[in-house]
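Enquirer: To be precise about what I am sending: the file is called protein05.tsv and holds TSV, C-alpha atoms.
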```tsv
chain	number	residue	atom	x	y	z
A	1	MET	CA	222.75	129.38	-92.48
A	2	GLN	CA	219.31	130.00	-93.99
A	3	GLN	CA	217.68	129.70	-90.57
A	4	ALA	CA	220.11	132.24	-89.09
A	5	ALA	CA	219.38	134.65	-91.97
A	6	GLU	CA	215.63	134.28	-91.47
A	7	GLU	CA	216.13	135.11	-87.79
A	8	LEU	CA	218.10	138.24	-88.88
A	9	ASN	CA	221.22	136.81	-87.21
A	10	PHE	CA	223.40	137.93	-90.10
A	11	GLU	CA	226.69	137.54	-88.24
A	12	ARG	CA	225.96	133.86	-87.55
A	13	ALA	CA	224.76	133.35	-91.13
A	14	ALA	CA	227.96	134.90	-92.52
A	15	TYR	CA	230.10	132.66	-90.28
A	16	LEU	CA	228.28	129.54	-91.49
A	17	ARG	CA	228.44	130.75	-95.10
A	18	ASP	CA	232.22	131.06	-94.86
A	19	ARG	CA	232.54	127.55	-93.41
A	20	ILE	CA	230.37	126.12	-96.20
A	21	ARG	CA	232.44	127.94	-98.81
A	22	ALA	CA	235.69	126.63	-97.32
A	23	ILE	CA	234.39	123.04	-97.52
A	24	GLU	CA	233.22	123.58	-101.09
A	25	GLN	CA	236.62	124.92	-102.09
A	26	VAL	CA	238.38	121.88	-100.63
A	27	LEU	CA	236.01	119.55	-102.48
A	28	ALA	CA	236.42	121.57	-105.67
A	29	LYS	CA	240.21	121.31	-105.51
A	30	GLN	CA	239.96	117.56	-104.96
A	31	GLN	CA	237.72	117.28	-108.00
A	32	VAL	CA	240.06	119.34	-110.17
A	33	LEU	CA	243.02	117.22	-109.10
A	34	ARG	CA	241.35	114.28	-110.87
A	35	THR	CA	241.24	116.09	-114.25
A	36	VAL	CA	243.64	115.48	-117.10
A	37	ASP	CA	247.15	116.84	-116.74
A	38	THR	CA	246.70	119.97	-118.84
A	39	ASP	CA	246.53	123.77	-118.73
A	40	GLN	CA	243.13	125.34	-119.23
A	41	ASP	CA	240.96	128.27	-118.19
A	42	VAL	CA	237.33	127.58	-117.34
A	43	ILE	CA	234.90	130.48	-117.82
A	44	ALA	CA	231.24	130.55	-116.75
A	45	PHE	CA	228.87	133.21	-115.48
A	46	ALA	CA	225.71	133.94	-113.51
A	47	ARG	CA	223.25	136.76	-114.24
A	48	GLU	CA	220.55	138.56	-112.32
A	49	GLU	CA	218.75	141.66	-113.58
A	50	GLY	CA	221.50	144.04	-114.72
A	51	SER	CA	224.36	142.37	-112.82
A	52	THR	CA	226.63	139.59	-114.06
A	53	VAL	CA	229.47	137.72	-112.40
A	54	VAL	CA	231.96	135.98	-114.68
A	55	GLN	CA	234.02	133.32	-112.89
A	56	VAL	CA	237.40	132.22	-114.26
A	57	LEU	CA	239.11	129.08	-112.95
A	58	PHE	CA	242.81	128.80	-113.71
A	59	ILE	CA	243.89	125.16	-114.03
A	60	ARG	CA	247.55	124.37	-114.62
A	61	GLY	CA	248.85	120.84	-114.83
A	62	GLY	CA	245.41	119.55	-113.85
A	63	LYS	CA	245.43	121.54	-110.60
A	64	LEU	CA	243.34	124.53	-109.66
A	65	ILE	CA	245.87	127.28	-108.93
A	66	GLY	CA	243.48	130.22	-108.79
A	67	ALA	CA	239.97	131.52	-109.28
A	68	GLU	CA	238.80	135.07	-109.89
A	69	PRO	CA	235.29	136.53	-110.19
A	70	PHE	CA	234.63	139.59	-112.35
A	71	VAL	CA	231.56	141.74	-111.64
A	72	LEU	CA	229.90	143.40	-114.65
A	73	GLN	CA	227.11	145.97	-114.36
A	74	GLY	CA	224.59	147.21	-116.91
A	75	THR	CA	224.45	143.94	-118.86
A	76	GLU	CA	220.66	143.53	-119.02
A	77	ASP	CA	220.52	144.28	-122.76
A	78	GLU	CA	223.32	141.87	-123.73
A	79	SER	CA	222.75	138.27	-124.79
A	80	ASP	CA	224.80	135.49	-123.22
A	81	THR	CA	226.80	135.18	-126.44
A	82	ASP	CA	227.55	138.89	-126.70
A	83	LEU	CA	228.45	139.13	-123.02
A	84	LEU	CA	230.88	136.20	-123.15
A	85	THR	CA	232.45	137.38	-126.41
A	86	SER	CA	233.03	140.87	-125.03
A	87	PHE	CA	234.47	139.58	-121.77
A	88	LEU	CA	236.76	137.08	-123.51
A	89	THR	CA	238.32	139.61	-125.87
A	90	GLN	CA	238.84	142.21	-123.15
A	91	PHE	CA	240.18	139.75	-120.58
A	92	TYR	CA	242.75	138.07	-122.83
A	93	ASP	CA	243.79	141.33	-124.44
A	94	ARG	CA	245.42	142.19	-121.10
A	95	ALA	CA	246.12	138.69	-119.76
A	96	PRO	CA	249.85	137.86	-119.50
A	97	ASP	CA	249.20	134.12	-119.99
A	98	VAL	CA	246.95	132.30	-122.46
A	99	PRO	CA	246.54	128.54	-121.87
A	100	PRO	CA	246.16	126.08	-124.76
A	101	ASN	CA	242.59	125.23	-123.81
A	102	LEU	CA	239.60	127.44	-122.94
A	103	LEU	CA	236.40	125.88	-121.64
A	104	LEU	CA	233.40	128.19	-122.02
A	105	ALA	CA	229.86	127.97	-120.71
A	106	ASP	CA	228.39	129.19	-124.00
A	107	HIS	CA	229.32	129.81	-127.61
A	108	ILE	CA	230.90	133.09	-128.67
A	109	GLU	CA	230.75	135.09	-131.88
A	110	GLU	CA	233.50	134.52	-134.46
A	111	ALA	CA	235.05	131.72	-132.41
A	112	LEU	CA	237.54	130.76	-135.15
A	113	ILE	CA	238.83	134.34	-135.49
A	114	ILE	CA	239.24	134.64	-131.71
A	115	GLU	CA	241.01	131.27	-131.62
A	116	GLN	CA	243.48	132.53	-134.26
A	117	TRP	CA	244.02	135.76	-132.31
A	118	LEU	CA	244.67	133.85	-129.07
A	119	SER	CA	246.99	131.42	-130.86
A	120	GLN	CA	249.04	134.32	-132.18
A	121	LYS	CA	249.16	135.86	-128.72
A	122	ARG	CA	250.25	132.57	-127.15
A	123	GLY	CA	252.59	131.55	-129.96
A	124	GLN	CA	250.95	128.11	-130.07
A	125	LYS	CA	247.54	126.73	-130.95
A	126	VAL	CA	244.68	127.64	-128.61
A	127	GLU	CA	241.44	125.66	-128.69
A	128	ILE	CA	238.06	126.95	-127.49
A	129	GLN	CA	235.50	124.37	-126.36
A	130	VAL	CA	231.92	124.49	-125.07
A	131	PRO	CA	231.59	121.10	-123.31
A	132	ARG	CA	228.12	119.63	-122.83
A	133	ARG	CA	228.94	116.49	-120.87
A	134	GLY	CA	231.64	114.69	-118.97
A	135	GLN	CA	234.40	116.00	-116.74
A	136	LYS	CA	234.87	119.26	-118.64
A	137	ARG	CA	231.19	120.05	-118.25
A	138	GLN	CA	231.54	119.46	-114.52
A	139	LEU	CA	234.26	122.11	-114.44
A	140	ILE	CA	231.93	124.56	-116.21
A	141	GLU	CA	229.22	123.83	-113.66
A	142	LEU	CA	231.70	124.37	-110.83
A	143	ALA	CA	232.66	127.79	-112.23
A	144	ALA	CA	228.98	128.67	-112.70
A	145	GLN	CA	228.23	127.69	-109.10
A	146	ASN	CA	231.05	129.94	-107.87
A	147	ALA	CA	229.70	132.80	-110.00
A	148	GLN	CA	226.21	132.31	-108.59
A	149	GLN	CA	227.56	132.27	-105.04
A	150	LYS	CA	229.35	135.57	-105.64
A	151	LEU	CA	226.14	137.02	-107.06
A	152	ASN	CA	224.21	135.82	-104.00
A	153	ASP	CA	226.78	137.41	-101.68
A	154	MET	CA	226.46	140.70	-103.54
A	155	ARG	CA	222.68	140.58	-103.16
A	156	VAL	CA	222.95	139.97	-99.40
A	157	GLN	CA	225.41	142.86	-99.03
A	158	TRP	CA	223.10	145.13	-101.03
A	159	LEU	CA	220.09	144.12	-98.95
A	160	ASN	CA	221.99	144.68	-95.69
A	161	ARG	CA	223.11	148.11	-96.88
A	162	GLU	CA	219.59	148.99	-97.95
A	163	GLN	CA	218.18	147.77	-94.64
A	164	ARG	CA	220.69	149.82	-92.65
A	165	SER	CA	219.96	152.91	-94.74
A	166	THR	CA	216.21	152.50	-94.33
A	167	ALA	CA	216.57	151.99	-90.58
A	168	GLY	CA	218.72	155.12	-90.27
A	169	LEU	CA	216.31	157.21	-92.33
A	170	SER	CA	213.39	155.92	-90.27
A	171	GLU	CA	215.14	156.95	-87.06
A	172	LEU	CA	215.89	160.39	-88.50
A	173	ARG	CA	212.27	160.77	-89.62
A	174	ASP	CA	211.00	159.95	-86.15
A	175	LEU	CA	213.60	162.15	-84.44
A	176	LEU	CA	212.69	165.20	-86.52
A	177	ASN	CA	208.98	164.36	-86.76
A	178	LEU	CA	209.06	164.31	-90.56
A	179	PRO	CA	205.99	163.20	-92.55
A	180	SER	CA	207.98	160.62	-94.56
A	181	LEU	CA	211.48	159.21	-95.05
A	182	PRO	CA	213.94	161.92	-96.16
A	183	GLN	CA	214.97	160.27	-99.42
A	184	ARG	CA	217.18	163.23	-100.43
A	185	ILE	CA	219.13	165.19	-97.83
A	186	GLU	CA	221.26	168.25	-98.56
A	187	CYS	CA	223.83	169.49	-96.04
A	188	TYR	CA	225.42	172.95	-96.08
A	189	ASP	CA	228.54	174.20	-94.34
A	190	ILE	CA	230.48	177.47	-94.50
A	191	SER	CA	234.26	177.65	-94.27
A	192	ASN	CA	236.81	180.42	-94.63
A	193	THR	CA	240.52	181.06	-94.35
A	194	GLN	CA	241.23	183.51	-91.53
A	195	GLY	CA	237.92	185.25	-92.18
A	196	ARG	CA	238.55	185.52	-95.93
A	197	GLN	CA	237.80	183.43	-99.04
A	198	ASN	CA	234.39	182.29	-97.83
A	199	VAL	CA	233.03	179.17	-99.51
A	200	ALA	CA	229.96	177.01	-98.94
A	201	SER	CA	229.89	173.24	-99.44
A	202	MET	CA	226.78	171.26	-100.33
A	203	VAL	CA	226.81	167.48	-99.90
A	204	VAL	CA	223.93	165.25	-100.90
A	205	PHE	CA	222.60	161.93	-99.62
A	206	GLU	CA	220.01	159.96	-101.56
A	207	ARG	CA	218.29	156.99	-99.90
A	208	GLY	CA	220.88	157.13	-97.16
A	209	GLN	CA	223.90	156.92	-99.47
A	210	PRO	CA	226.25	159.76	-100.49
A	211	ARG	CA	225.75	160.98	-104.05
A	212	THR	CA	229.12	162.55	-104.73
A	213	SER	CA	228.24	163.61	-108.28
A	214	ALA	CA	225.72	166.05	-106.79
A	215	TYR	CA	228.20	167.70	-104.40
A	216	ARG	CA	228.72	171.40	-105.06
A	217	ARG	CA	230.88	174.24	-103.81
A	218	PHE	CA	229.80	177.90	-103.91
A	219	LYS	CA	232.04	180.93	-103.69
A	220	ILE	CA	230.39	183.43	-101.36
A	221	LYS	CA	230.06	186.73	-103.25
A	222	THR	CA	228.10	189.17	-101.08
A	223	VAL	CA	229.47	188.53	-97.58
A	224	GLU	CA	232.69	190.05	-96.27
A	225	GLY	CA	234.49	188.53	-93.31
A	226	ALA	CA	233.51	185.55	-91.17
A	227	ASN	CA	229.71	185.83	-91.16
A	228	ASP	CA	228.34	182.29	-91.36
A	229	VAL	CA	224.73	183.41	-90.91
A	230	ALA	CA	224.76	185.75	-93.90
A	231	ALA	CA	226.74	183.21	-95.94
A	232	ILE	CA	224.16	180.47	-95.26
A	233	ALA	CA	221.40	182.84	-96.37
A	234	GLU	CA	223.26	183.62	-99.61
A	235	VAL	CA	223.96	180.04	-100.60
A	236	ILE	CA	220.43	178.82	-99.75
A	237	ARG	CA	218.98	181.71	-101.77
A	238	ARG	CA	221.20	181.00	-104.78
A	239	ARG	CA	220.61	177.27	-104.72
A	240	PHE	CA	216.81	177.46	-104.51
A	241	LYS	CA	216.44	180.37	-106.91
A	242	ARG	CA	218.10	178.09	-109.41
A	243	ALA	CA	215.79	175.26	-108.39
A	244	LEU	CA	212.71	177.41	-109.00
A	245	LYS	CA	214.02	178.57	-112.37
A	246	ALA	CA	214.92	175.02	-113.39
A	247	THR	CA	211.46	173.80	-112.35
A	248	ASN	CA	209.87	176.52	-114.47
A	249	ASP	CA	212.17	175.65	-117.41
A	250	GLN	CA	213.82	179.06	-117.24
A	251	PRO	CA	217.58	179.10	-117.90
A	252	PRO	CA	219.56	180.44	-114.92
A	253	PRO	CA	221.52	183.68	-115.38
A	254	ALA	CA	225.22	183.42	-116.08
A	255	SER	CA	227.54	183.83	-113.13
A	256	ALA	CA	231.18	183.13	-113.79
A	257	THR	CA	232.16	183.28	-110.14
A	258	ASP	CA	230.13	180.29	-108.92
A	259	ALA	CA	231.96	176.98	-108.88
A	260	SER	CA	231.19	173.28	-108.60
A	261	ALA	CA	232.99	171.23	-105.94
A	262	THR	CA	233.35	168.09	-108.04
A	263	THR	CA	234.03	169.38	-111.55
A	264	GLY	CA	235.43	172.85	-110.98
A	265	GLN	CA	233.03	174.13	-113.67
A	266	PRO	CA	231.04	177.35	-113.23
A	267	GLU	CA	227.74	176.83	-111.45
A	268	GLN	CA	225.73	177.86	-114.53
A	269	ALA	CA	227.41	175.05	-116.48
A	270	GLN	CA	225.33	172.55	-114.53
A	271	LEU	CA	222.22	171.37	-116.39
A	272	PRO	CA	219.03	173.09	-115.17
A	273	GLY	CA	217.46	169.73	-114.35
A	274	GLU	CA	220.19	169.02	-111.81
A	275	TRP	CA	219.04	171.98	-109.74
A	276	ALA	CA	215.39	170.94	-109.98
A	277	SER	CA	215.88	167.95	-107.65
A	278	LEU	CA	214.49	169.22	-104.36
A	279	PRO	CA	215.54	167.69	-101.02
A	280	ASP	CA	213.18	166.37	-98.38
A	281	LEU	CA	215.48	167.66	-95.63
A	282	ILE	CA	218.15	170.34	-95.35
A	283	LEU	CA	220.79	170.29	-92.63
A	284	VAL	CA	222.76	173.49	-92.02
A	285	ASP	CA	225.89	173.60	-89.92
A	286	GLY	CA	225.07	175.91	-87.05
A	287	GLY	CA	222.51	176.77	-84.44
A	288	ARG	CA	219.36	178.85	-84.27
A	289	ALA	CA	220.84	181.87	-86.09
A	290	GLN	CA	221.88	179.87	-89.18
A	291	LEU	CA	218.59	177.98	-89.16
A	292	ASN	CA	216.56	181.20	-88.97
A	293	ALA	CA	218.57	182.62	-91.87
A	294	ALA	CA	217.62	179.63	-94.04
A	295	LEU	CA	213.98	179.86	-92.92
A	296	THR	CA	213.88	183.54	-93.84
A	297	VAL	CA	215.09	182.74	-97.35
A	298	PHE	CA	212.47	180.01	-97.72
A	299	ALA	CA	209.75	182.46	-96.68
A	300	GLU	CA	211.11	184.95	-99.20
A	301	LEU	CA	210.99	182.36	-102.01
A	302	GLY	CA	207.66	180.85	-100.98
A	303	ILE	CA	209.09	177.42	-100.20
A	304	ASP	CA	207.32	175.59	-97.38
A	305	GLN	CA	207.51	171.88	-98.30
A	306	ILE	CA	211.15	171.24	-97.29
A	307	ALA	CA	212.18	170.45	-93.70
A	308	LEU	CA	215.08	172.40	-92.20
A	309	ALA	CA	217.29	171.52	-89.24
A	310	GLY	CA	220.43	172.99	-87.70
A	311	VAL	CA	223.33	170.86	-86.49
A	312	ALA	CA	225.23	172.51	-83.64
A	313	LYS	CA	228.16	171.07	-81.69
A	314	GLY	CA	227.51	170.31	-78.05
A	315	VAL	CA	223.74	170.82	-78.27
```
Would you encode the structure as structure tokens?

Expert:
Amino acid sequence: MQQAAEELNFERAAYLRDRIRAIEQVLAKQQVLRTVDTDQDVIAFAREEGSTVVQVLFIRGGKLIGAEPFVLQGTEDESDTDLLTSFLTQFYDRAPDVPPNLLLADHIEEALIIEQWLSQKRGQKVEIQVPRRGQKRQLIELAAQNAQQKLNDMRVQWLNREQRSTAGLSELRDLLNLPSLPQRIECYDISNTQGRQNVASMVVFERGQPRTSAYRRFKIKTVEGANDVAAIAEVIRRRFKRALKATNDQPPPASATDASATTGQPEQAQLPGEWASLPDLILVDGGRAQLNAALTVFAELGIDQIALAGVAKGV
């Protein structure tokens, strides 16, 4: 599997990874079948930078009946104890079933109080243990291995996504003869209903991935009828006037008619800093006329560091 990954044969590596995992699961079930005839949940975790995977093994009657990983983000500032305590209280607050025994990879805060709470929830005594040796410790290690495997899979998926994004941006850079990778791309399109109610949509990609929180919608105010060229000029002018004002720390003028696509709030309700993020590349829907309209606005505003391209059907 490692050799296939080094050779960038990711499909082969994934196939072998799945076969290895299937064998490990069979061996794990055989191991669990040799445990005592009891009900218990086994909880362990694996951490890397700000990501954590908590693995829960559900053992009933000495048999492994299920396993579930939980992915937690933004945990870099939490200790192992705090992380496990928080997860335990949240998980069993919603869990329909509480077994009589919980095996944990680490100690938790206020263990006696949590034991009492779980006992009340179950209606019978619940015991929390942190085994250090023997068969119970082997179960903890098994859960920790599963958590680490899930974390490794997430890293591979992230790397593959990053690699694909970088490859796509590199191809776009070469195609358009850009000086560097277009890390932020803004795309503009005009739509209307039977020549009325003109609106412009702005979608944003950062590092090759959509950033939906930055999407915006503009109501066209100065253009009557279906005139995409004039509408493109208006929206580009409004967007980059706001960018220049935000860059200069000048508050934008109020305009109750502008609207955001994602929040529905007026355009001036957006923080000035949000408009200060300049793209490396702008794509406008349309041909030479729409592109020239955007270029004219850039010349008017003195902007010359942003690449512009038009996207026309059938060209």

Enquirer: Rounded to one decimal, what separation in Å do you get between atom CA of A:Ala233 and atom CA of A:Gly168?

Expert: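 Computed distance, atom CA of A:Ala233 to atom CA of A:Gly168, equals 28.5 Å.
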
Enquirer: Give me the residues near A:Pro100 as a PyMOL selection string, where near means some atom within 10 Å (using only C-alpha atoms) and where sequence neighbours in that chain fewer than 5 positions away do not count.

Expert: chain A and resi 38-41+118-119+122-128

Enquirer: Find the residues near stretch 138-147 of chain A: any atom within 10 Å, counting only C-alpha atoms, skip ones fewer than 5 places away on the same chain, and give them as a VMD selection string.

Expert: chain A and resid 21 24 to 25 28 31 to 32 35 41 to 47 52 to 57 67 to 71 103 to 106 130 to 133 152 to 153

Enquirer: Edge lengths and centre, in Å to one decimal, as JSON: that's what I need for the box along x, y and z that holds all listed atoms of stretch 158-165 of chain A plus 3 Å on each side.

Expert:
```
{"center_x": 220.6, "center_y": 148.5, "center_z": -96.8, "size_x": 10.9, "size_y": 14.8, "size_z": 14.4}
```

Enquirer: Select, from A:Ile185, A:Ile23, A:Val297, A:Leu84, the residue with the minimum atom-to-atom distance to A:Val204, counting only C-alpha atoms.

Expert: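 Smallest separation from A:Val204 among the options: A:Ile185.
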
Enquirer: With only C-alpha atoms as the atoms that count, which of A:Leu178, A:Ile65, A:Val229, A:Ile59 lies nearest to A:Val98?

Expert: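 Closest to A:Val98, using only C-alpha atoms: A:Ile59.
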
Enquirer: Between A:Phe298, A:Tyr188, A:Phe87, A:Tyr215, which one has atoms that come closest to A:Asp228, using only C-alpha atoms?

Expert: A:Tyr188

Enquirer: Mind listing as a tab-separated table (two decimals) with C-alpha atoms, in the coordinates of the input all residues within 10 Å of (211.0, 158.0, -92.8), counting all atoms listed in the file?

Expert:
```
chain	number	residue	atom	x	y	z
A	166	THR	CA	216.21	152.50	-94.33
A	167	ALA	CA	216.57	151.99	-90.58
A	168	GLY	CA	218.72	155.12	-90.27
A	169	LEU	CA	216.31	157.21	-92.33
A	170	SER	CA	213.39	155.92	-90.27
A	171	GLU	CA	215.14	156.95	-87.06
A	172	LEU	CA	215.89	160.39	-88.50
A	173	ARG	CA	212.27	160.77	-89.62
A	174	ASP	CA	211.00	159.95	-86.15
A	175	LEU	CA	213.60	162.15	-84.44
A	176	LEU	CA	212.69	165.20	-86.52
A	177	ASN	CA	208.98	164.36	-86.76
A	178	LEU	CA	209.06	164.31	-90.56
A	179	PRO	CA	205.99	163.20	-92.55
A	180	SER	CA	207.98	160.62	-94.56
A	181	LEU	CA	211.48	159.21	-95.05
A	182	PRO	CA	213.94	161.92	-96.16
A	183	GLN	CA	214.97	160.27	-99.42
```

Enquirer: One number please: atom CA of A:Asn101 to atom CA of A:Arg60, in Å, one decimal.

Expert: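 Between atom CA of A:Asn101 and atom CA of A:Arg60 the gap works out to 10.5 Å.
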
Enquirer: Please return stretch 48-72 of chain A, rebuilt to N, CA and C atoms, as an mmCIF file, in the coordinates of the input.

Expert:
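Output file rebuild-v4.cif follows:
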```
data_model
loop_
_atom_site.group_PDB
_atom_site.id
_atom_site.type_symbol
_atom_site.label_atom_id
_atom_site.label_comp_id
_atom_site.auth_asym_id
_atom_site.auth_seq_id
_atom_site.Cartn_x
_atom_site.Cartn_y
_atom_site.Cartn_z
ATOM 1 N N GLU A 48 221.768 138.203 -113.033
ATOM 2 C CA GLU A 48 220.550 138.560 -112.320
ATOM 3 C C GLU A 48 220.260 140.017 -112.567
ATOM 4 N N GLU A 49 219.118 140.299 -113.196
ATOM 5 C CA GLU A 49 218.750 141.660 -113.580
ATOM 6 C C GLU A 49 219.899 142.275 -114.383
ATOM 7 N N GLY A 50 220.446 143.395 -113.943
ATOM 8 C CA GLY A 50 221.500 144.040 -114.720
ATOM 9 C C GLY A 50 222.904 143.684 -114.277
ATOM 10 N N SER A 51 223.044 142.735 -113.349
ATOM 11 C CA SER A 51 224.360 142.370 -112.820
ATOM 12 C C SER A 51 224.777 140.996 -113.335
ATOM 13 N N THR A 52 226.070 140.860 -113.614
ATOM 14 C CA THR A 52 226.630 139.590 -114.060
ATOM 15 C C THR A 52 227.957 139.363 -113.350
ATOM 16 N N VAL A 53 228.180 138.130 -112.937
ATOM 17 C CA VAL A 53 229.470 137.720 -112.400
ATOM 18 C C VAL A 53 230.057 136.668 -113.327
ATOM 19 N N VAL A 54 231.235 136.945 -113.861
ATOM 20 C CA VAL A 54 231.960 135.980 -114.680
ATOM 21 C C VAL A 54 233.051 135.360 -113.821
ATOM 22 N N GLN A 55 233.048 134.040 -113.725
ATOM 23 C CA GLN A 55 234.020 133.320 -112.890
ATOM 24 C C GLN A 55 235.039 132.635 -113.804
ATOM 25 N N VAL A 56 236.316 132.860 -113.510
ATOM 26 C CA VAL A 56 237.400 132.220 -114.260
ATOM 27 C C VAL A 56 238.167 131.300 -113.313
ATOM 28 N N LEU A 57 238.282 130.035 -113.683
ATOM 29 C CA LEU A 57 239.110 129.080 -112.950
ATOM 30 C C LEU A 57 240.395 128.854 -113.734
ATOM 31 N N PHE A 58 241.518 128.979 -113.072
ATOM 32 C CA PHE A 58 242.810 128.800 -113.710
ATOM 33 C C PHE A 58 243.358 127.424 -113.324
ATOM 34 N N ILE A 59 243.417 126.531 -114.274
ATOM 35 C CA ILE A 59 243.890 125.160 -114.030
ATOM 36 C C ILE A 59 245.208 124.974 -114.770
ATOM 37 N N ARG A 60 246.237 124.601 -114.035
ATOM 38 C CA ARG A 60 247.550 124.370 -114.620
ATOM 39 C C ARG A 60 248.049 123.000 -114.176
ATOM 40 N N GLY A 61 248.402 122.183 -115.156
ATOM 41 C CA GLY A 61 248.850 120.840 -114.830
ATOM 42 C C GLY A 61 247.784 120.003 -114.166
ATOM 43 N N GLY A 62 246.507 120.293 -114.454
ATOM 44 C CA GLY A 62 245.410 119.550 -113.850
ATOM 45 C C GLY A 62 245.044 120.009 -112.460
ATOM 46 N N LYS A 63 245.700 121.062 -111.960
ATOM 47 C CA LYS A 63 245.430 121.540 -110.600
ATOM 48 C C LYS A 63 244.868 122.950 -110.650
ATOM 49 N N LEU A 64 243.916 123.196 -109.784
ATOM 50 C CA LEU A 64 243.340 124.530 -109.660
ATOM 51 C C LEU A 64 244.324 125.416 -108.890
ATOM 52 N N ILE A 65 244.890 126.405 -109.584
ATOM 53 C CA ILE A 65 245.870 127.280 -108.930
ATOM 54 C C ILE A 65 245.274 128.646 -108.594
ATOM 55 N N GLY A 66 244.086 128.931 -109.090
ATOM 56 C CA GLY A 66 243.480 130.220 -108.790
ATOM 57 C C GLY A 66 242.092 130.329 -109.366
ATOM 58 N N ALA A 67 241.326 131.246 -108.807
ATOM 59 C CA ALA A 67 239.970 131.520 -109.280
ATOM 60 C C ALA A 67 239.679 132.984 -109.045
ATOM 61 N N GLU A 68 239.059 133.630 -110.018
ATOM 62 C CA GLU A 68 238.800 135.070 -109.890
ATOM 63 C C GLU A 68 237.433 135.410 -110.469
ATOM 64 N N PRO A 69 236.577 136.069 -109.666
ATOM 65 C CA PRO A 69 235.290 136.530 -110.190
ATOM 66 C C PRO A 69 235.416 137.958 -110.727
ATOM 67 N N PHE A 70 234.660 138.256 -111.769
ATOM 68 C CA PHE A 70 234.630 139.590 -112.350
ATOM 69 C C PHE A 70 233.172 140.062 -112.371
ATOM 70 N N VAL A 71 232.916 141.212 -111.762
ATOM 71 C CA VAL A 71 231.560 141.740 -111.640
ATOM 72 C C VAL A 71 231.325 142.743 -112.766
ATOM 73 N N LEU A 72 230.267 142.520 -113.542
ATOM 74 C CA LEU A 72 229.900 143.400 -114.650
ATOM 75 C C LEU A 72 228.523 143.986 -114.355
#
```
